[in-house]
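**Q** Data: upload_37.cif, mmCIF, C-alpha atoms.
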```
data_data
#
loop_
_atom_site.label_atom_id
_atom_site.label_comp_id
_atom_site.auth_asym_id
_atom_site.auth_seq_id
_atom_site.Cartn_x
_atom_site.Cartn_y
_atom_site.Cartn_z
CA ILE A 613 -16.96 -17.40 -2.88
CA ILE A 614 -19.02 -18.25 -5.92
CA SER A 615 -16.24 -19.53 -8.14
CA ASP A 616 -18.32 -22.31 -9.69
CA ALA A 617 -21.91 -21.26 -9.12
CA GLY A 618 -22.55 -21.53 -12.83
CA ASP A 619 -22.29 -25.31 -12.48
CA ALA A 620 -24.73 -25.48 -9.57
CA SER A 621 -28.09 -27.22 -9.80
CA ILE A 622 -31.27 -25.19 -10.20
CA THR A 623 -32.09 -25.83 -6.53
CA VAL A 624 -28.70 -24.48 -5.40
CA GLN A 625 -29.03 -21.47 -7.69
CA ARG A 626 -32.42 -20.65 -6.16
CA ALA A 627 -30.96 -21.06 -2.68
CA LEU A 628 -28.18 -18.57 -3.43
CA ARG A 629 -30.70 -15.95 -4.51
CA TYR A 630 -32.65 -16.34 -1.29
CA LEU A 631 -29.43 -16.24 0.70
CA VAL A 632 -28.60 -12.71 -0.47
CA GLY A 633 -31.95 -11.38 -1.70
CA ASN A 634 -31.04 -11.44 -5.39
CA GLY A 635 -34.36 -10.81 -7.16
CA VAL A 636 -36.28 -12.28 -4.22
CA PRO A 637 -36.76 -11.25 -0.58
CA GLN A 638 -33.73 -12.25 1.47
CA ASP A 639 -34.63 -15.37 3.42
CA SER A 640 -31.77 -17.36 4.94
CA ASN A 641 -34.12 -20.04 6.29
CA ARG A 642 -35.52 -20.63 2.80
CA ALA A 643 -31.99 -20.74 1.41
CA TYR A 644 -30.83 -23.28 3.99
CA SER A 645 -33.96 -25.36 3.37
CA LEU A 646 -33.29 -25.49 -0.38
CA LEU A 647 -29.63 -26.37 0.10
CA SER A 648 -30.56 -29.10 2.59
CA LYS A 649 -33.05 -30.46 0.04
CA ALA A 650 -30.33 -30.56 -2.61
CA ILE A 651 -28.09 -32.51 -0.21
CA LYS A 652 -30.94 -34.87 0.70
CA ASP A 653 -31.51 -35.55 -3.00
CA ASN A 654 -27.79 -36.05 -3.55
CA GLU A 655 -25.53 -36.44 -0.54
CA ASN A 656 -22.52 -35.90 -2.81
CA ASP A 657 -23.72 -32.51 -4.06
CA THR A 658 -20.43 -30.73 -3.43
CA LEU A 659 -21.72 -27.28 -4.32
CA ALA A 660 -24.73 -27.62 -2.02
CA TRP A 661 -22.42 -28.45 0.88
CA TYR A 662 -20.11 -25.61 -0.10
CA TYR A 663 -22.80 -22.94 -0.38
CA LEU A 664 -24.53 -24.14 2.77
CA GLY A 665 -21.15 -23.54 4.44
CA CYS A 666 -21.00 -20.06 2.89
CA GLY A 667 -24.46 -19.36 4.28
CA TYR A 668 -23.50 -20.43 7.77
CA GLU A 669 -20.24 -18.47 7.56
CA CYS A 670 -21.45 -15.21 6.03
CA GLY A 671 -25.23 -15.24 6.28
CA LEU A 672 -27.63 -13.38 8.51
CA GLU A 673 -27.20 -15.91 11.33
CA PRO A 674 -23.55 -17.06 11.25
CA ASN A 675 -22.72 -20.45 12.75
CA LEU A 676 -19.04 -21.25 12.33
CA SER A 677 -19.31 -24.80 13.67
CA LYS A 678 -21.94 -25.68 11.08
CA ALA A 679 -19.94 -23.89 8.39
CA GLU A 680 -16.91 -25.98 9.33
CA GLU A 681 -18.94 -29.19 9.01
CA CYS A 682 -20.26 -28.24 5.58
CA TYR A 683 -16.88 -27.16 4.23
CA ARG A 684 -15.34 -30.44 5.41
CA LYS A 685 -17.98 -32.38 3.50
CA ALA A 686 -17.19 -30.44 0.33
CA MET A 687 -13.42 -30.66 0.89
CA GLU A 688 -13.64 -34.44 1.24
CA GLN A 689 -14.99 -34.48 -2.31
CA GLY A 690 -12.03 -32.50 -3.61
CA HIS A 691 -13.55 -29.01 -3.64
CA SER A 692 -10.52 -26.72 -3.20
CA PRO A 693 -12.41 -23.45 -2.50
CA ALA A 694 -14.17 -25.23 0.38
CA ALA A 695 -10.79 -26.32 1.74
CA ALA A 696 -9.49 -22.75 1.65
CA ARG A 697 -12.57 -21.39 3.39
CA LEU A 698 -12.36 -24.16 5.99
CA GLY A 699 -8.91 -22.84 6.77
CA MET A 700 -10.37 -19.39 7.41
CA ILE A 701 -12.98 -20.90 9.73
CA LEU A 702 -10.33 -22.84 11.64
CA ILE A 703 -8.36 -19.66 12.29
CA GLN A 704 -11.41 -18.27 14.06
CA LEU A 705 -11.98 -21.55 15.94
CA ASP A 706 -8.37 -21.72 17.17
CA GLY A 707 -7.36 -24.47 14.76
CA LYS A 708 -4.40 -22.64 13.30
CA GLU A 709 -2.14 -25.66 12.76
CA GLU A 710 -4.71 -27.54 10.72
CA ALA A 711 -5.47 -24.30 8.87
CA ARG A 712 -1.80 -23.94 7.93
CA THR A 713 -1.74 -27.49 6.55
CA ILE A 714 -4.85 -26.79 4.47
CA PHE A 715 -3.48 -23.49 3.15
CA LYS A 716 -0.15 -25.07 2.18
CA GLU A 717 -1.95 -27.74 0.22
CA ALA A 718 -4.09 -25.07 -1.47
CA LEU A 719 -1.00 -23.06 -2.36
CA LYS A 720 0.47 -26.12 -4.08
CA ASN A 721 -2.52 -25.89 -6.39
CA ASN A 722 -1.84 -22.19 -7.04
CA ASP A 723 -4.84 -21.17 -4.93
CA MET A 724 -4.57 -17.50 -3.99
CA VAL A 725 -6.62 -18.06 -0.82
CA GLY A 726 -3.93 -20.51 0.29
CA ALA A 727 -1.26 -17.81 0.01
CA TYR A 728 -3.51 -15.29 1.72
CA GLY A 729 -4.27 -17.70 4.56
CA ILE A 730 -0.59 -18.41 5.25
CA GLY A 731 0.05 -14.66 5.19
CA LEU A 732 -2.70 -14.13 7.72
CA LEU A 733 -1.28 -16.81 10.01
CA GLU A 734 2.19 -15.27 9.75
CA GLU A 735 0.84 -11.83 10.61
CA LEU A 736 -1.11 -13.20 13.57
CA GLY A 737 2.15 -14.78 14.73
CA GLY A 738 4.00 -11.46 14.47
CA ASN A 739 6.08 -12.51 11.45
CA ASN A 740 5.43 -9.42 9.36
CA SER A 741 8.05 -10.00 6.66
CA GLU A 742 6.74 -13.50 5.97
CA ALA A 743 3.17 -12.18 6.04
CA ILE A 744 3.94 -9.59 3.36
CA GLU A 745 5.65 -12.25 1.25
CA TYR A 746 2.58 -14.50 1.18
CA TYR A 747 0.08 -11.65 0.95
CA SER A 748 2.01 -10.39 -2.07
CA ILE A 749 1.65 -13.74 -3.83
CA ALA A 750 -2.13 -13.55 -3.45
CA ALA A 751 -2.25 -9.81 -4.20
CA GLU A 752 -0.38 -10.29 -7.48
CA MET A 753 -3.03 -12.85 -8.42
CA GLY A 754 -5.63 -10.11 -7.93
CA TYR A 755 -6.96 -11.25 -4.55
CA ALA A 756 -8.62 -8.20 -2.97
CA PRO A 757 -8.42 -9.29 0.71
CA ALA A 758 -4.64 -9.73 0.31
CA GLN A 759 -4.30 -6.27 -1.27
CA ASN A 760 -6.32 -4.86 1.61
CA SER A 761 -4.17 -6.65 4.21
CA ILE A 762 -0.96 -5.26 2.71
CA GLY A 763 -2.53 -1.81 2.94
CA CYS A 764 -3.34 -2.45 6.60
CA MET A 765 0.25 -3.45 7.32
CA TYR A 766 1.60 -0.26 5.74
CA ALA A 767 -0.98 1.86 7.56
CA GLU A 768 -0.19 0.24 10.91
CA GLY A 769 3.58 0.54 10.50
CA LYS A 770 4.14 -3.21 10.22
CA GLN A 771 6.10 -2.78 7.01
CA GLY A 772 9.04 -0.63 8.01
CA ASP A 773 9.63 1.47 11.09
CA MET A 774 6.64 3.77 10.73
CA SER A 775 3.24 4.11 9.13
CA ASP A 776 3.18 4.81 5.39
CA VAL A 777 -0.34 5.99 4.57
CA GLU A 778 0.57 6.79 0.96
CA LYS A 779 1.50 3.18 0.19
CA ALA A 780 -1.42 1.96 2.30
CA ALA A 781 -3.81 4.05 0.22
CA GLN A 782 -2.38 2.62 -3.01
CA TRP A 783 -3.04 -0.95 -1.85
CA PHE A 784 -6.49 -0.13 -0.50
CA GLU A 785 -7.33 1.45 -3.85
CA LEU A 786 -6.61 -1.83 -5.65
CA ALA A 787 -9.01 -3.67 -3.35
CA VAL A 788 -11.61 -0.91 -3.66
CA GLU A 789 -11.60 -1.44 -7.43
CA GLN A 790 -12.92 -4.92 -6.64
CA ASN A 791 -15.57 -3.52 -4.28
CA LEU A 792 -14.12 -5.00 -1.08
CA LEU A 793 -16.09 -3.23 1.65
CA GLU A 794 -13.32 -3.38 4.26
CA ALA A 795 -10.98 -1.66 1.81
CA MET A 796 -13.56 1.06 1.10
CA THR A 797 -13.77 1.73 4.83
CA ASN A 798 -10.00 1.68 5.30
CA LEU A 799 -9.34 4.04 2.39
CA GLY A 800 -12.18 6.26 3.56
CA MET A 801 -10.57 6.50 7.01
CA ILE A 802 -7.23 7.50 5.51
CA LEU A 803 -8.61 10.08 3.07
CA THR A 804 -10.75 11.78 5.76
CA SER A 805 -7.85 11.95 8.22
CA SER A 806 -5.96 15.15 8.93
CA ASN A 807 -3.11 13.86 6.74
CA TYR A 808 -5.06 14.66 3.57
CA SER A 809 -6.60 17.78 2.04
CA LYS A 810 -10.33 18.50 1.78
CA ASP A 811 -10.25 17.35 -1.86
CA TYR A 812 -9.35 13.85 -0.72
CA SER A 813 -11.71 14.09 2.24
CA LYS A 814 -14.71 14.39 -0.08
CA ARG A 815 -13.89 11.09 -1.78
CA GLY A 816 -13.16 9.52 1.59
CA MET A 817 -16.63 10.43 2.80
CA GLU A 818 -18.14 9.01 -0.40
CA LEU A 819 -16.33 5.72 0.21
CA LEU A 820 -17.49 5.52 3.81
CA HIS A 821 -21.10 6.24 2.85
CA ASP A 822 -20.90 3.70 0.01
CA ALA A 823 -19.53 1.01 2.33
CA ALA A 824 -22.13 1.82 4.99
CA GLU A 825 -24.97 1.63 2.47
CA LYS A 826 -23.71 -1.81 1.41
CA GLY A 827 -23.83 -3.07 4.98
CA GLU A 828 -20.31 -2.49 6.29
CA LEU A 829 -21.09 -1.83 9.96
CA ASN A 830 -17.69 -0.33 10.83
CA ALA A 831 -18.19 2.35 8.19
CA SER A 832 -21.56 3.20 9.73
CA GLU A 833 -19.97 3.53 13.17
CA ILE A 834 -17.16 5.72 11.83
CA LEU A 835 -19.64 8.05 10.14
CA LYS A 836 -21.64 8.27 13.36
CA GLU A 837 -18.51 9.12 15.35
CA MET A 838 -17.47 11.72 12.78
CA GLU A 839 -20.86 13.40 12.99
CA GLN A 840 -20.67 13.44 16.78
CA LYS A 841 -17.17 14.94 16.60
CA LYS A 842 -18.40 17.58 14.17
CA LEU A 843 -21.17 18.56 16.57
CA ARG A 844 -18.71 18.72 19.47
CA ASP A 845 -16.35 20.91 17.46
CA GLN A 846 -19.21 23.22 16.50
CA ARG A 847 -20.27 23.55 20.13
CA MET A 848 -16.69 24.28 21.16
CA GLN A 849 -16.40 26.84 18.38
CA ARG A 850 -19.50 28.63 19.65
CA VAL A 851 -18.14 28.60 23.20
CA GLN A 852 -14.78 29.95 22.09
CA ALA A 853 -16.46 32.57 19.90
CA SER A 854 -18.49 33.77 22.88
CA LYS A 855 -15.21 34.26 24.73
CA GLY A 856 -13.64 36.14 21.83
CA HIS A 857 -11.23 33.38 20.79
CA SER A 858 -12.86 32.19 17.56
CA ASN A 859 -9.76 32.92 15.48
CA ASN A 860 -7.78 30.38 17.46
CA VAL A 861 -10.18 27.50 16.82
CA LYS A 862 -9.49 25.06 14.01
CA GLN A 863 -12.38 22.84 13.02
CA ASN A 864 -11.67 19.39 11.63
CA ASN A 865 -14.60 17.61 10.05
CA GLY A 866 -12.48 14.65 8.99
CA GLY A 867 -11.92 11.47 10.99
CA GLU A 868 -8.59 10.91 12.70
CA LEU A 869 -6.49 8.00 11.48
CA VAL A 870 -7.10 4.98 13.65
CA SER A 871 -4.54 2.35 14.62
CA ALA A 872 -6.62 -0.73 13.80
CA PHE A 873 -7.64 -1.12 10.17
CA LEU A 874 -10.19 -3.67 9.00
CA ARG A 875 -9.01 -7.06 7.81
CA GLY A 876 -12.02 -9.31 7.76
CA LEU A 877 -11.34 -12.99 7.20
CA ASP A 878 -12.14 -12.90 3.50
CA LEU A 879 -15.84 -12.32 4.09
CA GLY A 880 -16.18 -9.59 1.49
CA GLY A 881 -16.95 -12.08 -1.27
CA ILE A 882 -20.54 -12.46 -0.14
CA ALA A 883 -21.22 -9.06 -1.73
CA SER A 884 -20.72 -10.52 -5.19
CA TYR A 885 -23.86 -12.61 -4.70
CA ALA A 886 -26.05 -9.52 -4.57
CA LYS A 887 -24.88 -8.45 -8.02
CA GLY A 888 -26.20 -11.66 -9.55
CA LYS A 889 -22.77 -12.92 -10.60
CA PHE A 890 -23.60 -16.60 -10.97
CA THR A 891 -21.35 -16.99 -14.00
CA GLY A 892 -18.54 -19.15 -12.75
CA ASP A 893 -15.38 -17.10 -12.17
CA GLU A 894 -16.02 -14.90 -9.15
CA ARG A 895 -13.65 -15.61 -6.27
CA ASP A 896 -13.78 -12.26 -4.46
#
```
As structure tokens - that is how I would like this structure written.

**A**
Amino acid sequence: IISDAGDASITVQRALRYLVGNGVPQDSNRAYSLLSKAIKDNENDTLAWYYLGCGYECGLEPNLSKAEECYRKAMEQGHSPAAARLGMILIQLDGKEEARTIFKEALKNNDMVGAYGIGLLEELGGNNSEAIEYYSIAAEMGYAPAQNSIGCMYAEGKQGDMSDVEKAAQWFELAVEQNLLEAMTNLGMILTSSNYSKDYSKRGMELLHDAAEKGELNASEILKEMEQKKLRDQRMQRVQASKGHSNNVKQNNGGELVSAFLRGLDLGGIASYAKGKFTGDERD
């Protein structure tokens, strides 16, 4: 998301810090106010339009219609990251055909989000082979959401006749290395499933807790469900023990593999703000 924040004005830089609470209390209203001021001072401030769009897309109070408007303003001034993110917004607003056009244009410019976006559209249309082809282009360019999506397709059995959790885990791992929260949750789910040993389960739990602490709500819900299951199993074990059948009870503290893994429409990049990476090359 913050591919060119290093070139932003001082006002925009301050706004970004308020947007994510980087060194200051998080205050989306203050951030939006500063970005609006930058635009008022210079209506052609591409980065102000772009980051205002990011705020409306990924902030505390998302507003996709406003995000679309801001990204269009930035795209009209030739800002390619804004064009790619507009495509993601359009997918959610049922504008898939326009999104495809935008992604194709982005791909011509070697934009990995363009390849990822086409892959996402192909997967949504049930064209799994084509989806993998485009995801792979973006994944080879190091794009974490694409790596995560390939992992999802292997885990859900969309690449081949059946689920391949080993390959899924390998792809999730690549995205985890880039701190993509959805990938942390997905890999955590796999490693805590009954398909893996307790050694893997420990790391899986660490990933789920890490993702939850960083604000990934699905990870929090999974941990809550796992704790509830653990309590149910313990109660059942006590009941069985009272009936003399404790040796027949197998307790499973891990989570069962679920059928729907987390994609996220490339929203994980907002996390890079919080680390203070305003240096110009972050596209996660």

**Q** Find the spatial neighbours of Ala787 (chain A), counting only C-alpha atoms, within a cut-off of 10 Å - ignore same-chain residues fewer than 5 positions away - and output them as number ranges by chain.

**A** A: 751, 754-761, 763, 781-782, 792-796, 799, 896

**Q** Just checking: using only C-alpha atoms, which residue out of A:Leu702, A:Met848, A:Leu659, A:Cys764 ends up closest to Leu628 (chain A)?

**A**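 Using only C-alpha atoms, the shortest distance to Leu628 (chain A) belongs to A:Leu659.
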
**Q** Which residues of region 633-688 of chain A come within 10 Å of region 705-721 of chain A, and what is each one's closest atom pair and distance in Å (one decimal), counting only C-alpha atoms, sorted by chain and residue number, as a Markdown table?

**A**
```
| residue | atom | partner | partner_atom | distance |
| --- | --- | --- | --- | --- |
| A:Leu676 | CA | A:Leu705 | CA | 7.9 |
| A:Ser677 | CA | A:Leu705 | CA | 8.3 |
| A:Glu680 | CA | A:Leu705 | CA | 9.4 |
```

**Q** So how far away is CA of Tyr662 (chain A) from CA of Met753 (chain A), in Å?

**A**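 Those two atoms sit 22.9 Å apart.
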
**Q** Need the shell around Arg642 (chain A): protein/DNA/RNA residues with any atom at most 8 Å away, counting only C-alpha atoms. Skip same-chain ones fewer than 3 positions apart. Format as a ChimeraX atom specification?

**A** /A:627,630-631,639,645-646

**Q** Translate the PyMOL selection byres ((chain A and resi 765) around 12) into a concrete residue list for this structure, as a PyMOL selection string.

**A** chain A and resi 731-732+735-736+738-741+743-745+747-748+758-764+766-777+779-781+783-784+798+871-875

**Q** Closest to Gln689 (chain A) among A:Ser806, A:Gln638, A:Gln704, A:Asn656, using only C-alpha atoms?

**A**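 For Gln689 (chain A), the nearest of the given residues is A:Asn656.
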
**Q** Quote the spacing between CA of Gly671 (chain A) and CA of Glu825 (chain A) in Å to one decimal place.

**A**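 Separation of CA of Gly671 (chain A) and CA of Glu825 (chain A): 17.3 Å.
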
**Q** CA of Leu698 (chain A) and CA of Ala643 (chain A), how far apart in Å?

**A** 20.4 Å

**Q** Complete the atoms of region 651-687 of chain A to N, CA and C atoms and put them out as a compact mmCIF listing (two decimals), in the frame of the given file.

**A**
```txt
# COMPACT_ATOMS: atom_id res chain seq x y z
N ILE A 651 -28.97 -31.51 -0.82
CA ILE A 651 -28.09 -32.51 -0.21
C ILE A 651 -28.85 -33.81 0.05
N LYS A 652 -30.12 -33.68 0.46
CA LYS A 652 -30.94 -34.87 0.70
C LYS A 652 -31.14 -35.63 -0.60
N ASP A 653 -31.33 -34.92 -1.70
CA ASP A 653 -31.51 -35.55 -3.00
C ASP A 653 -30.21 -36.18 -3.50
N ASN A 654 -29.09 -35.54 -3.12
CA ASN A 654 -27.79 -36.05 -3.55
C ASN A 654 -26.75 -35.71 -2.49
N GLU A 655 -26.43 -36.68 -1.66
CA GLU A 655 -25.53 -36.44 -0.54
C GLU A 655 -24.15 -36.01 -1.00
N ASN A 656 -23.82 -36.28 -2.26
CA ASN A 656 -22.52 -35.90 -2.81
C ASN A 656 -22.57 -34.60 -3.61
N ASP A 657 -23.61 -33.80 -3.38
CA ASP A 657 -23.72 -32.51 -4.06
C ASP A 657 -22.72 -31.54 -3.43
N THR A 658 -21.53 -31.52 -3.99
CA THR A 658 -20.43 -30.73 -3.43
C THR A 658 -20.79 -29.26 -3.29
N LEU A 659 -21.41 -28.71 -4.34
CA LEU A 659 -21.72 -27.28 -4.32
C LEU A 659 -22.78 -26.95 -3.27
N ALA A 660 -23.72 -27.86 -3.05
CA ALA A 660 -24.73 -27.62 -2.02
C ALA A 660 -24.08 -27.56 -0.65
N TRP A 661 -23.16 -28.48 -0.38
CA TRP A 661 -22.42 -28.45 0.88
C TRP A 661 -21.61 -27.15 1.00
N TYR A 662 -20.96 -26.80 -0.11
CA TYR A 662 -20.11 -25.61 -0.10
C TYR A 662 -20.91 -24.35 0.17
N TYR A 663 -22.02 -24.17 -0.55
CA TYR A 663 -22.80 -22.94 -0.38
C TYR A 663 -23.58 -22.92 0.93
N LEU A 664 -23.92 -24.10 1.44
CA LEU A 664 -24.53 -24.14 2.77
C LEU A 664 -23.50 -23.66 3.80
N GLY A 665 -22.23 -24.04 3.59
CA GLY A 665 -21.15 -23.54 4.44
C GLY A 665 -21.00 -22.03 4.34
N CYS A 666 -21.08 -21.52 3.09
CA CYS A 666 -21.00 -20.06 2.89
C CYS A 666 -22.13 -19.35 3.64
N GLY A 667 -23.32 -19.95 3.59
CA GLY A 667 -24.46 -19.36 4.28
C GLY A 667 -24.25 -19.30 5.77
N TYR A 668 -23.74 -20.40 6.33
CA TYR A 668 -23.50 -20.43 7.77
C TYR A 668 -22.33 -19.53 8.17
N GLU A 669 -21.39 -19.33 7.25
CA GLU A 669 -20.24 -18.47 7.56
C GLU A 669 -20.59 -16.99 7.45
N CYS A 670 -21.28 -16.62 6.36
CA CYS A 670 -21.45 -15.21 6.03
C CYS A 670 -22.90 -14.73 6.05
N GLY A 671 -23.82 -15.60 6.36
CA GLY A 671 -25.23 -15.24 6.28
C GLY A 671 -25.72 -14.38 7.43
N LEU A 672 -27.04 -14.25 7.50
CA LEU A 672 -27.63 -13.38 8.51
C LEU A 672 -27.47 -13.94 9.92
N GLU A 673 -27.36 -15.27 10.03
CA GLU A 673 -27.20 -15.91 11.33
C GLU A 673 -25.98 -16.83 11.28
N PRO A 674 -24.77 -16.26 11.39
CA PRO A 674 -23.55 -17.06 11.25
C PRO A 674 -23.46 -18.17 12.30
N ASN A 675 -22.97 -19.32 11.86
CA ASN A 675 -22.72 -20.45 12.75
C ASN A 675 -21.46 -21.13 12.25
N LEU A 676 -20.32 -20.78 12.85
CA LEU A 676 -19.04 -21.25 12.33
C LEU A 676 -18.86 -22.76 12.46
N SER A 677 -19.43 -23.35 13.50
CA SER A 677 -19.31 -24.80 13.67
C SER A 677 -20.02 -25.54 12.54
N LYS A 678 -21.21 -25.07 12.18
CA LYS A 678 -21.94 -25.68 11.08
C LYS A 678 -21.25 -25.41 9.75
N ALA A 679 -20.68 -24.21 9.61
CA ALA A 679 -19.94 -23.89 8.39
C ALA A 679 -18.74 -24.83 8.25
N GLU A 680 -18.05 -25.06 9.35
CA GLU A 680 -16.91 -25.98 9.33
C GLU A 680 -17.34 -27.37 8.85
N GLU A 681 -18.44 -27.87 9.39
CA GLU A 681 -18.94 -29.19 9.01
C GLU A 681 -19.24 -29.27 7.52
N CYS A 682 -19.90 -28.24 7.00
CA CYS A 682 -20.26 -28.24 5.58
C CYS A 682 -19.03 -28.16 4.68
N TYR A 683 -18.09 -27.29 5.03
CA TYR A 683 -16.88 -27.16 4.23
C TYR A 683 -16.08 -28.46 4.22
N ARG A 684 -16.06 -29.16 5.35
CA ARG A 684 -15.34 -30.44 5.41
C ARG A 684 -15.96 -31.45 4.44
N LYS A 685 -17.29 -31.47 4.40
CA LYS A 685 -17.98 -32.38 3.50
C LYS A 685 -17.59 -32.10 2.05
N ALA A 686 -17.55 -30.81 1.70
CA ALA A 686 -17.19 -30.44 0.33
C ALA A 686 -15.72 -30.71 0.06
N MET A 687 -14.86 -30.44 1.05
CA MET A 687 -13.42 -30.66 0.89
C MET A 687 -13.12 -32.15 0.67
```
